[in-house]
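Student: The structure file start.txt (compact mmCIF, N, CA and C atoms) is provided below.
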```
# COMPACT_ATOMS: atom_id res chain seq x y z
N MET X 716 0.84 -1.18 0.00
CA MET X 716 0.00 0.00 0.00
C MET X 716 0.88 1.24 0.00
N PRO X 717 0.60 2.22 -0.89
CA PRO X 717 1.47 3.39 -0.96
C PRO X 717 1.30 4.28 0.25
N SER X 718 2.37 4.96 0.62
CA SER X 718 2.33 5.90 1.72
C SER X 718 1.71 7.20 1.22
N PHE X 719 0.81 7.78 2.01
CA PHE X 719 0.17 9.03 1.62
C PHE X 719 0.98 10.23 2.10
N GLU X 720 2.08 9.99 2.78
CA GLU X 720 2.88 11.07 3.33
C GLU X 720 3.56 11.84 2.21
N GLY X 721 3.56 13.15 2.32
CA GLY X 721 4.26 13.98 1.36
C GLY X 721 3.44 14.40 0.16
N GLY X 722 2.30 13.84 -0.07
CA GLY X 722 1.44 14.26 -1.16
C GLY X 722 1.80 13.72 -2.53
N HIS X 723 2.69 12.72 -2.59
CA HIS X 723 3.07 12.18 -3.89
C HIS X 723 1.89 11.53 -4.61
N VAL X 724 1.04 10.87 -3.86
CA VAL X 724 -0.12 10.22 -4.47
C VAL X 724 -1.06 11.27 -5.07
N ALA X 725 -1.25 12.38 -4.35
CA ALA X 725 -2.14 13.43 -4.85
C ALA X 725 -1.59 14.05 -6.12
N ILE X 726 -0.27 14.25 -6.18
CA ILE X 726 0.31 14.84 -7.38
C ILE X 726 0.22 13.88 -8.55
N ARG X 727 0.47 12.60 -8.31
CA ARG X 727 0.33 11.61 -9.40
C ARG X 727 -1.11 11.54 -9.89
N MET X 728 -2.04 11.57 -8.95
CA MET X 728 -3.44 11.53 -9.34
C MET X 728 -3.83 12.80 -10.08
N ALA X 729 -3.28 13.94 -9.67
CA ALA X 729 -3.56 15.20 -10.35
C ALA X 729 -3.12 15.14 -11.81
N VAL X 730 -1.96 14.57 -12.04
CA VAL X 730 -1.47 14.44 -13.43
C VAL X 730 -2.41 13.54 -14.22
N GLY X 731 -2.84 12.44 -13.63
CA GLY X 731 -3.78 11.54 -14.31
C GLY X 731 -5.11 12.21 -14.60
N VAL X 732 -5.62 12.99 -13.65
CA VAL X 732 -6.90 13.67 -13.85
C VAL X 732 -6.77 14.75 -14.91
N LEU X 733 -5.64 15.45 -14.94
CA LEU X 733 -5.44 16.46 -15.97
C LEU X 733 -5.29 15.82 -17.36
N LEU X 734 -4.67 14.65 -17.43
CA LEU X 734 -4.63 13.92 -18.70
C LEU X 734 -6.03 13.49 -19.12
N PHE X 735 -6.84 13.08 -18.16
CA PHE X 735 -8.23 12.73 -18.43
C PHE X 735 -8.99 13.95 -18.95
N ALA X 736 -8.70 15.14 -18.40
CA ALA X 736 -9.32 16.37 -18.88
C ALA X 736 -8.94 16.64 -20.34
N ALA X 737 -7.68 16.35 -20.67
CA ALA X 737 -7.25 16.53 -22.06
C ALA X 737 -7.98 15.56 -22.99
N LEU X 738 -8.16 14.32 -22.55
CA LEU X 738 -8.92 13.36 -23.36
C LEU X 738 -10.38 13.80 -23.52
N ALA X 739 -10.95 14.33 -22.44
CA ALA X 739 -12.32 14.83 -22.52
C ALA X 739 -12.40 16.01 -23.47
N GLY X 740 -11.35 16.83 -23.52
CA GLY X 740 -11.31 17.93 -24.48
C GLY X 740 -11.29 17.43 -25.91
N GLY X 741 -10.55 16.37 -26.17
CA GLY X 741 -10.56 15.77 -27.50
C GLY X 741 -11.92 15.19 -27.85
N TRP X 742 -12.56 14.56 -26.87
CA TRP X 742 -13.90 14.02 -27.07
C TRP X 742 -14.89 15.16 -27.37
N GLU X 743 -14.71 16.28 -26.68
CA GLU X 743 -15.59 17.43 -26.91
C GLU X 743 -15.40 17.98 -28.33
N VAL X 744 -14.17 18.06 -28.80
CA VAL X 744 -13.92 18.54 -30.16
C VAL X 744 -14.63 17.65 -31.18
N LEU X 745 -14.55 16.35 -30.98
CA LEU X 745 -15.25 15.43 -31.90
C LEU X 745 -16.76 15.57 -31.79
N ALA X 746 -17.25 15.82 -30.58
CA ALA X 746 -18.70 15.96 -30.40
C ALA X 746 -19.24 17.24 -31.02
N ARG X 747 -18.39 18.23 -31.18
CA ARG X 747 -18.82 19.52 -31.74
C ARG X 747 -18.73 19.58 -33.27
N GLN X 748 -18.39 18.50 -33.92
CA GLN X 748 -18.29 18.48 -35.37
C GLN X 748 -19.68 18.57 -36.01
N ALA X 749 -19.72 19.09 -37.20
CA ALA X 749 -20.98 19.24 -37.93
C ALA X 749 -21.56 17.86 -38.25
N PRO X 750 -22.88 17.73 -38.30
CA PRO X 750 -23.49 16.42 -38.55
C PRO X 750 -23.05 15.75 -39.84
N GLY X 751 -22.66 16.47 -40.85
CA GLY X 751 -22.23 15.84 -42.09
C GLY X 751 -20.76 15.44 -42.10
N SER X 752 -20.03 15.77 -41.04
CA SER X 752 -18.60 15.51 -40.98
C SER X 752 -18.33 14.02 -40.74
N VAL X 753 -17.16 13.59 -41.20
CA VAL X 753 -16.73 12.21 -40.98
C VAL X 753 -16.47 11.96 -39.49
N LEU X 754 -16.06 13.00 -38.77
CA LEU X 754 -15.72 12.88 -37.35
C LEU X 754 -16.91 13.08 -36.42
N TYR X 755 -18.08 13.27 -36.95
CA TYR X 755 -19.27 13.53 -36.13
C TYR X 755 -19.61 12.31 -35.28
N LEU X 756 -19.79 12.52 -33.97
CA LEU X 756 -20.10 11.42 -33.05
C LEU X 756 -21.58 11.29 -32.74
N GLY X 757 -22.33 12.37 -32.86
CA GLY X 757 -23.76 12.30 -32.58
C GLY X 757 -24.10 12.31 -31.11
N VAL X 758 -23.26 12.92 -30.28
CA VAL X 758 -23.54 13.06 -28.85
C VAL X 758 -23.59 14.53 -28.50
N MET X 759 -24.23 14.84 -27.39
CA MET X 759 -24.32 16.23 -26.94
C MET X 759 -22.96 16.70 -26.42
N PRO X 760 -22.46 17.84 -26.93
CA PRO X 760 -21.13 18.28 -26.50
C PRO X 760 -21.10 18.97 -25.15
N GLU X 761 -22.18 19.54 -24.70
CA GLU X 761 -22.14 20.32 -23.45
C GLU X 761 -21.89 19.48 -22.20
N PRO X 762 -22.49 18.30 -22.05
CA PRO X 762 -22.11 17.47 -20.89
C PRO X 762 -20.65 17.02 -20.95
N ILE X 763 -20.10 16.88 -22.14
CA ILE X 763 -18.69 16.52 -22.28
C ILE X 763 -17.83 17.71 -21.86
N ALA X 764 -18.26 18.91 -22.22
CA ALA X 764 -17.54 20.11 -21.79
C ALA X 764 -17.58 20.24 -20.27
N ALA X 765 -18.71 19.88 -19.65
CA ALA X 765 -18.80 19.91 -18.19
C ALA X 765 -17.84 18.89 -17.57
N LEU X 766 -17.67 17.74 -18.21
CA LEU X 766 -16.71 16.74 -17.75
C LEU X 766 -15.29 17.30 -17.83
N ARG X 767 -14.96 17.93 -18.95
CA ARG X 767 -13.62 18.51 -19.11
C ARG X 767 -13.36 19.58 -18.05
N GLU X 768 -14.35 20.43 -17.80
CA GLU X 768 -14.18 21.48 -16.80
C GLU X 768 -14.03 20.90 -15.39
N LEU X 769 -14.82 19.89 -15.07
CA LEU X 769 -14.73 19.27 -13.75
C LEU X 769 -13.38 18.59 -13.57
N ALA X 770 -12.92 17.89 -14.59
CA ALA X 770 -11.63 17.21 -14.49
C ALA X 770 -10.48 18.21 -14.36
N THR X 771 -10.56 19.31 -15.07
CA THR X 771 -9.52 20.33 -14.96
C THR X 771 -9.50 20.93 -13.56
N MET X 772 -10.66 21.27 -13.05
CA MET X 772 -10.75 21.86 -11.71
C MET X 772 -10.24 20.89 -10.64
N LEU X 773 -10.69 19.64 -10.69
CA LEU X 773 -10.26 18.67 -9.68
C LEU X 773 -8.78 18.36 -9.82
N GLY X 774 -8.26 18.31 -11.04
CA GLY X 774 -6.83 18.07 -11.23
C GLY X 774 -5.98 19.17 -10.63
N LEU X 775 -6.37 20.41 -10.84
CA LEU X 775 -5.61 21.52 -10.27
C LEU X 775 -5.71 21.55 -8.75
N LEU X 776 -6.89 21.25 -8.22
CA LEU X 776 -7.04 21.21 -6.75
C LEU X 776 -6.26 20.05 -6.14
N LEU X 777 -6.21 18.92 -6.81
CA LEU X 777 -5.40 17.80 -6.33
C LEU X 777 -3.92 18.14 -6.36
N PHE X 778 -3.50 18.85 -7.39
CA PHE X 778 -2.10 19.28 -7.46
C PHE X 778 -1.78 20.21 -6.29
N ALA X 779 -2.66 21.15 -6.00
CA ALA X 779 -2.46 22.04 -4.86
C ALA X 779 -2.45 21.26 -3.55
N ALA X 780 -3.35 20.30 -3.41
CA ALA X 780 -3.40 19.49 -2.19
C ALA X 780 -2.11 18.69 -2.02
N GLY X 781 -1.61 18.13 -3.10
CA GLY X 781 -0.37 17.37 -3.03
C GLY X 781 0.81 18.24 -2.66
N ALA X 782 0.84 19.46 -3.18
CA ALA X 782 1.94 20.37 -2.88
C ALA X 782 1.90 20.83 -1.42
N LEU X 783 0.72 20.92 -0.85
CA LEU X 783 0.58 21.44 0.52
C LEU X 783 0.43 20.35 1.58
N MET X 784 0.39 19.10 1.17
CA MET X 784 0.13 18.00 2.09
C MET X 784 1.18 17.91 3.20
N ARG X 785 2.44 18.06 2.85
CA ARG X 785 3.51 17.94 3.85
C ARG X 785 3.43 19.06 4.88
N TRP X 786 3.00 20.23 4.44
CA TRP X 786 2.87 21.36 5.35
C TRP X 786 1.66 21.20 6.27
N ALA X 787 0.60 20.62 5.76
CA ALA X 787 -0.64 20.50 6.52
C ALA X 787 -0.58 19.42 7.59
N PHE X 788 0.11 18.33 7.31
CA PHE X 788 0.12 17.19 8.22
C PHE X 788 1.55 16.85 8.59
N ALA X 789 1.79 16.58 9.86
CA ALA X 789 3.13 16.22 10.31
C ALA X 789 3.54 14.88 9.72
N GLY X 790 2.63 13.96 9.62
CA GLY X 790 2.88 12.64 9.04
C GLY X 790 1.90 12.43 7.91
N PRO X 791 1.48 11.20 7.73
CA PRO X 791 0.47 10.96 6.70
C PRO X 791 -0.87 11.58 7.12
N PRO X 792 -1.66 12.01 6.15
CA PRO X 792 -2.97 12.59 6.51
C PRO X 792 -3.89 11.51 7.07
N PRO X 793 -4.90 11.94 7.81
CA PRO X 793 -5.89 10.96 8.27
C PRO X 793 -6.49 10.22 7.07
N ARG X 794 -6.85 8.99 7.30
CA ARG X 794 -7.36 8.15 6.22
C ARG X 794 -8.59 8.76 5.55
N TRP X 795 -9.45 9.41 6.34
CA TRP X 795 -10.66 9.99 5.76
C TRP X 795 -10.33 11.15 4.83
N VAL X 796 -9.24 11.87 5.10
CA VAL X 796 -8.85 12.96 4.21
C VAL X 796 -8.36 12.39 2.88
N ALA X 797 -7.51 11.38 2.94
CA ALA X 797 -7.02 10.77 1.71
C ALA X 797 -8.18 10.14 0.92
N LEU X 798 -9.07 9.45 1.61
CA LEU X 798 -10.21 8.83 0.93
C LEU X 798 -11.13 9.89 0.35
N GLY X 799 -11.33 10.97 1.07
CA GLY X 799 -12.18 12.05 0.56
C GLY X 799 -11.61 12.71 -0.67
N LEU X 800 -10.30 12.97 -0.65
CA LEU X 800 -9.66 13.60 -1.80
C LEU X 800 -9.67 12.68 -3.02
N TYR X 801 -9.15 11.48 -2.84
CA TYR X 801 -8.97 10.58 -3.98
C TYR X 801 -10.28 9.91 -4.39
N GLY X 802 -10.99 9.38 -3.42
CA GLY X 802 -12.26 8.71 -3.73
C GLY X 802 -13.33 9.68 -4.21
N GLY X 803 -13.38 10.85 -3.58
CA GLY X 803 -14.37 11.84 -4.00
C GLY X 803 -14.13 12.32 -5.42
N ALA X 804 -12.87 12.56 -5.76
CA ALA X 804 -12.55 12.99 -7.12
C ALA X 804 -12.91 11.90 -8.13
N LEU X 805 -12.54 10.66 -7.82
CA LEU X 805 -12.83 9.57 -8.76
C LEU X 805 -14.33 9.32 -8.91
N LEU X 806 -15.07 9.38 -7.79
CA LEU X 806 -16.51 9.14 -7.86
C LEU X 806 -17.20 10.23 -8.68
N SER X 807 -16.87 11.48 -8.43
CA SER X 807 -17.52 12.55 -9.18
C SER X 807 -17.14 12.53 -10.66
N LEU X 808 -15.89 12.20 -10.96
CA LEU X 808 -15.48 12.12 -12.37
C LEU X 808 -16.14 10.94 -13.07
N ALA X 809 -16.25 9.82 -12.39
CA ALA X 809 -16.92 8.66 -13.00
C ALA X 809 -18.39 8.96 -13.26
N ALA X 810 -19.05 9.60 -12.31
CA ALA X 810 -20.46 9.95 -12.50
C ALA X 810 -20.62 10.95 -13.64
N GLN X 811 -19.73 11.94 -13.70
CA GLN X 811 -19.82 12.93 -14.78
C GLN X 811 -19.53 12.30 -16.13
N ALA X 812 -18.57 11.37 -16.19
CA ALA X 812 -18.27 10.68 -17.46
C ALA X 812 -19.46 9.84 -17.91
N TYR X 813 -20.10 9.14 -16.98
CA TYR X 813 -21.29 8.37 -17.30
C TYR X 813 -22.39 9.29 -17.84
N GLY X 814 -22.57 10.42 -17.16
CA GLY X 814 -23.58 11.37 -17.61
C GLY X 814 -23.25 11.95 -18.98
N ALA X 815 -21.98 12.24 -19.22
CA ALA X 815 -21.58 12.80 -20.52
C ALA X 815 -21.84 11.80 -21.64
N ALA X 816 -21.61 10.54 -21.38
CA ALA X 816 -21.87 9.52 -22.39
C ALA X 816 -23.36 9.37 -22.68
N ARG X 817 -24.19 9.73 -21.71
CA ARG X 817 -25.64 9.61 -21.87
C ARG X 817 -26.31 10.95 -22.19
N GLY X 818 -25.51 12.02 -22.31
CA GLY X 818 -26.08 13.34 -22.62
C GLY X 818 -26.70 14.02 -21.43
N MET X 819 -26.18 13.76 -20.23
CA MET X 819 -26.73 14.35 -19.00
C MET X 819 -25.64 15.12 -18.27
N TYR X 820 -26.03 16.21 -17.62
CA TYR X 820 -25.09 17.01 -16.86
C TYR X 820 -24.86 16.45 -15.45
N GLY X 821 -25.84 15.79 -14.91
CA GLY X 821 -25.74 15.31 -13.54
C GLY X 821 -26.09 16.38 -12.53
N ILE X 822 -26.86 17.39 -12.94
CA ILE X 822 -27.23 18.45 -12.01
C ILE X 822 -28.74 18.51 -11.77
N GLN X 823 -29.50 17.67 -12.46
CA GLN X 823 -30.94 17.65 -12.25
C GLN X 823 -31.29 16.56 -11.24
N LEU X 824 -31.97 16.99 -10.20
CA LEU X 824 -32.37 16.03 -9.17
C LEU X 824 -33.48 15.12 -9.66
N GLN X 825 -34.40 15.67 -10.43
CA GLN X 825 -35.50 14.87 -10.97
C GLN X 825 -35.48 14.97 -12.49
N ASP X 826 -35.65 13.85 -13.11
CA ASP X 826 -35.65 13.76 -14.57
C ASP X 826 -36.53 12.58 -14.94
N LEU X 827 -36.93 12.51 -16.18
CA LEU X 827 -37.74 11.39 -16.63
C LEU X 827 -36.94 10.10 -16.69
N ARG X 828 -35.63 10.21 -16.86
CA ARG X 828 -34.79 9.03 -16.93
C ARG X 828 -34.55 8.47 -15.54
N ALA X 829 -34.56 7.17 -15.43
CA ALA X 829 -34.46 6.52 -14.12
C ALA X 829 -33.09 6.71 -13.47
N TYR X 830 -32.06 6.88 -14.26
CA TYR X 830 -30.71 6.96 -13.69
C TYR X 830 -30.30 8.40 -13.39
N ALA X 831 -31.20 9.36 -13.48
CA ALA X 831 -30.85 10.75 -13.19
C ALA X 831 -30.56 10.95 -11.71
N MET X 832 -31.37 10.39 -10.83
CA MET X 832 -31.19 10.57 -9.39
C MET X 832 -29.90 9.89 -8.89
N PRO X 833 -29.61 8.64 -9.26
CA PRO X 833 -28.34 8.05 -8.84
C PRO X 833 -27.12 8.81 -9.39
N LEU X 834 -27.22 9.32 -10.62
CA LEU X 834 -26.13 10.10 -11.19
C LEU X 834 -25.91 11.38 -10.39
N PHE X 835 -26.98 12.08 -10.08
CA PHE X 835 -26.89 13.29 -9.27
C PHE X 835 -26.29 12.99 -7.90
N ALA X 836 -26.79 11.93 -7.27
CA ALA X 836 -26.31 11.58 -5.92
C ALA X 836 -24.83 11.19 -5.94
N ALA X 837 -24.40 10.41 -6.90
CA ALA X 837 -23.00 9.98 -6.95
C ALA X 837 -22.08 11.16 -7.21
N LYS X 838 -22.44 11.98 -8.17
CA LYS X 838 -21.59 13.12 -8.50
C LYS X 838 -21.45 14.07 -7.32
N HIS X 839 -22.56 14.40 -6.70
CA HIS X 839 -22.50 15.38 -5.62
C HIS X 839 -21.99 14.79 -4.30
N LEU X 840 -22.16 13.51 -4.09
CA LEU X 840 -21.55 12.88 -2.93
C LEU X 840 -20.02 12.89 -3.07
N GLY X 841 -19.53 12.62 -4.27
CA GLY X 841 -18.10 12.69 -4.52
C GLY X 841 -17.56 14.09 -4.33
N LEU X 842 -18.28 15.08 -4.83
CA LEU X 842 -17.84 16.46 -4.67
C LEU X 842 -17.89 16.90 -3.21
N LEU X 843 -18.88 16.43 -2.48
CA LEU X 843 -18.98 16.77 -1.05
C LEU X 843 -17.83 16.15 -0.27
N ALA X 844 -17.50 14.90 -0.56
CA ALA X 844 -16.37 14.24 0.11
C ALA X 844 -15.06 14.95 -0.23
N PHE X 845 -14.88 15.33 -1.49
CA PHE X 845 -13.67 16.04 -1.90
C PHE X 845 -13.58 17.38 -1.17
N ALA X 846 -14.69 18.12 -1.14
CA ALA X 846 -14.69 19.43 -0.49
C ALA X 846 -14.41 19.32 1.00
N ALA X 847 -14.99 18.33 1.67
CA ALA X 847 -14.74 18.17 3.10
C ALA X 847 -13.27 17.87 3.38
N ALA X 848 -12.67 17.01 2.59
CA ALA X 848 -11.26 16.69 2.77
C ALA X 848 -10.37 17.89 2.43
N PHE X 849 -10.72 18.63 1.38
CA PHE X 849 -9.92 19.78 1.00
C PHE X 849 -10.03 20.89 2.05
N PHE X 850 -11.21 21.06 2.64
CA PHE X 850 -11.37 22.06 3.70
C PHE X 850 -10.59 21.66 4.95
N GLU X 851 -10.51 20.37 5.24
CA GLU X 851 -9.69 19.93 6.37
C GLU X 851 -8.22 20.22 6.10
N LEU X 852 -7.78 20.01 4.88
CA LEU X 852 -6.41 20.34 4.50
C LEU X 852 -6.17 21.84 4.67
N ALA X 853 -7.10 22.66 4.21
CA ALA X 853 -6.96 24.11 4.35
C ALA X 853 -6.98 24.53 5.82
N ARG X 854 -7.84 23.91 6.61
CA ARG X 854 -7.91 24.24 8.04
C ARG X 854 -6.59 23.93 8.73
N ARG X 855 -6.01 22.79 8.41
CA ARG X 855 -4.72 22.40 9.00
C ARG X 855 -3.62 23.37 8.59
N ILE X 856 -3.65 23.82 7.34
CA ILE X 856 -2.62 24.76 6.87
C ILE X 856 -2.74 26.08 7.59
N LEU X 857 -3.97 26.56 7.77
CA LEU X 857 -4.16 27.85 8.43
C LEU X 857 -3.79 27.80 9.91
N ASN X 858 -3.82 26.64 10.53
CA ASN X 858 -3.51 26.50 11.95
C ASN X 858 -2.08 26.13 12.24
N ARG X 859 -1.25 25.97 11.24
CA ARG X 859 0.16 25.59 11.45
C ARG X 859 1.06 26.77 11.12
N PRO X 860 2.20 26.83 11.79
CA PRO X 860 3.17 27.88 11.41
C PRO X 860 3.79 27.53 10.05
N PRO X 861 4.28 28.52 9.32
CA PRO X 861 4.90 28.22 8.03
C PRO X 861 6.14 27.35 8.19
N PRO X 862 6.46 26.55 7.17
CA PRO X 862 7.62 25.68 7.28
C PRO X 862 8.91 26.50 7.32
N SER X 863 9.85 26.01 8.08
CA SER X 863 11.13 26.70 8.16
C SER X 863 12.00 26.32 6.96
N ALA X 864 12.79 27.26 6.52
CA ALA X 864 13.62 27.02 5.33
C ALA X 864 14.86 26.24 5.67
```
As structure tokens, how would this structure be written, given the file I've shared?

Tutor:
Amino acid sequence: MPSFEGGHVAIRMAVGVLLFAALAGGWEVLARQAPGSVLYLGVMPEPIAALRELATMLGLLLFAAGALMRWAFAGPPPRWVALGLYGGALLSLAAQAYGAARGMYGIQLQDLRAYAMPLFAAKHLGLLAFAAAFFELARRILNRPPPSA
């Protein structure tokens, strides 16, 4: 099992999430092609754009968390913080990717489609877990003295 000390896992995951954002950007370009084009996919581009934006935002926040992890925690972070950061990011990205493939944003609580509510719940539960862990990281940083050079 990898050590969570030092934020190396968060930085590696940030790079992976940012690469995923780049792939989502390529998917969005293909989705925005004209219907007569050879590259036309026939899917809604806006949910894919929302996936790209979410992946970019989470990737940058994970990079910041990884860079500040050593300062925030004397040793490895509490397990719930690591699970909230990594699991929350993965859950929300997986839900958003599923929604993008189905033409859904994942922001409607009620919809005619049966999978709208589970999609909404998974995406926002992941974002809530990520936010709680990130706020704990920020709280720890604000309560510690700056690192000595």

Student: Rounded to one decimal in Å, what is the spacing between CA of Leu843 (chain X) and atom C of Gly803 (chain X)?

Tutor: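 Atom-to-atom, CA of Leu843 (chain X) and atom C of Gly803 (chain X) are spaced 7.9 Å apart.
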
Student: I'd like to know which of X:Leu857, X:Leu777, X:Val730, X:Ala836 is closest to Leu800 (chain X), using only N, CA and C atoms.

Tutor: X:Leu777

Student: Which of these residues is nearest to Gln823 (chain X), using all atoms listed in the file: X:Phe835, X:Trp786, X:Tyr755, X:Phe735?

Tutor: X:Phe835

Student: Taking only N, CA and C atoms into account, name the residue in X:Leu852, X:Ala829, X:Val758, X:Leu840 that is nearest to Ala816 (chain X).

Tutor: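 Smallest separation from Ala816 (chain X) among the options: X:Val758.
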
Student: Per DSSP on the backbone, filter region 779-832 of chain X down to the residues in alpha helix (DSSP H) and report them as an MDAnalysis selection string.

Tutor: chainID X and resid 779:787 794:817 831:832

Student: Using N, CA and C atoms, can you export the residues from the last selection as a JSON list (two decimals), in the coordinates of the input?

Tutor:
```json
[["chain", "number", "residue", "atom", "x", "y", "z"],
["X", 779, "ALA", "N", -2.66, 21.15, -6.00],
["X", 779, "ALA", "CA", -2.46, 22.04, -4.86],
["X", 779, "ALA", "C", -2.45, 21.26, -3.55],
["X", 780, "ALA", "N", -3.35, 20.30, -3.41],
["X", 780, "ALA", "CA", -3.40, 19.49, -2.19],
["X", 780, "ALA", "C", -2.11, 18.69, -2.02],
["X", 781, "GLY", "N", -1.61, 18.13, -3.10],
["X", 781, "GLY", "CA", -0.37, 17.37, -3.03],
["X", 781, "GLY", "C", 0.81, 18.24, -2.66],
["X", 782, "ALA", "N", 0.84, 19.46, -3.18],
["X", 782, "ALA", "CA", 1.94, 20.37, -2.88],
["X", 782, "ALA", "C", 1.90, 20.83, -1.42],
["X", 783, "LEU", "N", 0.72, 20.92, -0.85],
["X", 783, "LEU", "CA", 0.58, 21.44, 0.52],
["X", 783, "LEU", "C", 0.43, 20.35, 1.58],
["X", 784, "MET", "N", 0.39, 19.10, 1.17],
["X", 784, "MET", "CA", 0.13, 18.00, 2.09],
["X", 784, "MET", "C", 1.18, 17.91, 3.20],
["X", 785, "ARG", "N", 2.44, 18.06, 2.85],
["X", 785, "ARG", "CA", 3.51, 17.94, 3.85],
["X", 785, "ARG", "C", 3.43, 19.06, 4.88],
["X", 786, "TRP", "N", 3.00, 20.23, 4.44],
["X", 786, "TRP", "CA", 2.87, 21.36, 5.35],
["X", 786, "TRP", "C", 1.66, 21.20, 6.27],
["X", 787, "ALA", "N", 0.60, 20.62, 5.76],
["X", 787, "ALA", "CA", -0.64, 20.50, 6.52],
["X", 787, "ALA", "C", -0.58, 19.42, 7.59],
["X", 794, "ARG", "N", -6.85, 8.99, 7.30],
["X", 794, "ARG", "CA", -7.36, 8.15, 6.22],
["X", 794, "ARG", "C", -8.59, 8.76, 5.55],
["X", 795, "TRP", "N", -9.45, 9.41, 6.34],
["X", 795, "TRP", "CA", -10.66, 9.99, 5.76],
["X", 795, "TRP", "C", -10.33, 11.15, 4.83],
["X", 796, "VAL", "N", -9.24, 11.87, 5.10],
["X", 796, "VAL", "CA", -8.85, 12.96, 4.21],
["X", 796, "VAL", "C", -8.36, 12.39, 2.88],
["X", 797, "ALA", "N", -7.51, 11.38, 2.94],
["X", 797, "ALA", "CA", -7.02, 10.77, 1.71],
["X", 797, "ALA", "C", -8.18, 10.14, 0.92],
["X", 798, "LEU", "N", -9.07, 9.45, 1.61],
["X", 798, "LEU", "CA", -10.21, 8.83, 0.93],
["X", 798, "LEU", "C", -11.13, 9.89, 0.35],
["X", 799, "GLY", "N", -11.33, 10.97, 1.07],
["X", 799, "GLY", "CA", -12.18, 12.05, 0.56],
["X", 799, "GLY", "C", -11.61, 12.71, -0.67],
["X", 800, "LEU", "N", -10.30, 12.97, -0.65],
["X", 800, "LEU", "CA", -9.66, 13.60, -1.80],
["X", 800, "LEU", "C", -9.67, 12.68, -3.02],
["X", 801, "TYR", "N", -9.15, 11.48, -2.84],
["X", 801, "TYR", "CA", -8.97, 10.58, -3.98],
["X", 801, "TYR", "C", -10.28, 9.91, -4.39],
["X", 802, "GLY", "N", -10.99, 9.38, -3.42],
["X", 802, "GLY", "CA", -12.26, 8.71, -3.73],
["X", 802, "GLY", "C", -13.33, 9.68, -4.21],
["X", 803, "GLY", "N", -13.38, 10.85, -3.58],
["X", 803, "GLY", "CA", -14.37, 11.84, -4.00],
["X", 803, "GLY", "C", -14.13, 12.32, -5.42],
["X", 804, "ALA", "N", -12.87, 12.56, -5.76],
["X", 804, "ALA", "CA", -12.55, 12.99, -7.12],
["X", 804, "ALA", "C", -12.91, 11.90, -8.13],
["X", 805, "LEU", "N", -12.54, 10.66, -7.82],
["X", 805, "LEU", "CA", -12.83, 9.57, -8.76],
["X", 805, "LEU", "C", -14.33, 9.32, -8.91],
["X", 806, "LEU", "N", -15.07, 9.38, -7.79],
["X", 806, "LEU", "CA", -16.51, 9.14, -7.86],
["X", 806, "LEU", "C", -17.20, 10.23, -8.68],
["X", 807, "SER", "N", -16.87, 11.48, -8.43],
["X", 807, "SER", "CA", -17.52, 12.55, -9.18],
["X", 807, "SER", "C", -17.14, 12.53, -10.66],
["X", 808, "LEU", "N", -15.89, 12.20, -10.96],
["X", 808, "LEU", "CA", -15.48, 12.12, -12.37],
["X", 808, "LEU", "C", -16.14, 10.94, -13.07],
["X", 809, "ALA", "N", -16.25, 9.82, -12.39],
["X", 809, "ALA", "CA", -16.92, 8.66, -13.00],
["X", 809, "ALA", "C", -18.39, 8.96, -13.26],
["X", 810, "ALA", "N", -19.05, 9.60, -12.31],
["X", 810, "ALA", "CA", -20.46, 9.95, -12.50],
["X", 810, "ALA", "C", -20.62, 10.95, -13.64],
["X", 811, "GLN", "N", -19.73, 11.94, -13.70],
["X", 811, "GLN", "CA", -19.82, 12.93, -14.78],
["X", 811, "GLN", "C", -19.53, 12.30, -16.13],
["X", 812, "ALA", "N", -18.57, 11.37, -16.19],
["X", 812, "ALA", "CA", -18.27, 10.68, -17.46],
["X", 812, "ALA", "C", -19.46, 9.84, -17.91],
["X", 813, "TYR", "N", -20.10, 9.14, -16.98],
["X", 813, "TYR", "CA", -21.29, 8.37, -17.30],
["X", 813, "TYR", "C", -22.39, 9.29, -17.84],
["X", 814, "GLY", "N", -22.57, 10.42, -17.16],
["X", 814, "GLY", "CA", -23.58, 11.37, -17.61],
["X", 814, "GLY", "C", -23.25, 11.95, -18.98],
["X", 815, "ALA", "N", -21.98, 12.24, -19.22],
["X", 815, "ALA", "CA", -21.58, 12.80, -20.52],
["X", 815, "ALA", "C", -21.84, 11.80, -21.64],
["X", 816, "ALA", "N", -21.61, 10.54, -21.38],
["X", 816, "ALA", "CA", -21.87, 9.52, -22.39],
["X", 816, "ALA", "C", -23.36, 9.37, -22.68],
["X", 817, "ARG", "N", -24.19, 9.73, -21.71],
["X", 817, "ARG", "CA", -25.64, 9.61, -21.87],
["X", 817, "ARG", "C", -26.31, 10.95, -22.19],
["X", 831, "ALA", "N", -31.20, 9.36, -13.48],
["X", 831, "ALA", "CA", -30.85, 10.75, -13.19],
["X", 831, "ALA", "C", -30.56, 10.95, -11.71],
["X", 832, "MET", "N", -31.37, 10.39, -10.83],
["X", 832, "MET", "CA", -31.19, 10.57, -9.39],
["X", 832, "MET", "C", -29.90, 9.89, -8.89]]
```

Student: Considering all atoms listed in the file, can you say which of X:Ile763, X:Ala770, X:Ala739, X:Ala787 comes closest to Arg859 (chain X)?

Tutor: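 Of the candidates, the smallest distance to Arg859 (chain X) is held by X:Ala787.
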
Student: I want to know what sits within 8 Å of His839 (chain X), based on all atoms listed in the file, with residues of the same chain fewer than 2 positions away left out; could you give that as a ChimeraX atom specification?

Tutor: /X:806-807,810-811,821,833-837,841-845

Student: Check the smallest atom-to-atom distance from each of X:Pro760, X:Gly740, X:Pro792, X:Gly781 to Arg727 (chain X) using only C-alpha atoms, then report the winner.

Tutor: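 So, comparing all the options, the nearest one is X:Gly781.
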
Student: Between CA of Gly731 (chain X) and CA of Phe778 (chain X), measure the distance and give it in Å to one decimal.

Tutor: 10.5 Å

Student: Go through X:Arg817, X:Lys838, X:His723, X:Arg854 and flag the residue nearest Gly802 (chain X), using only C-alpha atoms for the distances.

Tutor: X:Lys838

Student: Could you please determine the separation between atom C of Ala847 (chain X) and atom C of Leu805 (chain X) in Å, to one decimal place?

Tutor: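 Answer for the atom C of Ala847 (chain X) to atom C of Leu805 (chain X) separation: 15.0 Å.
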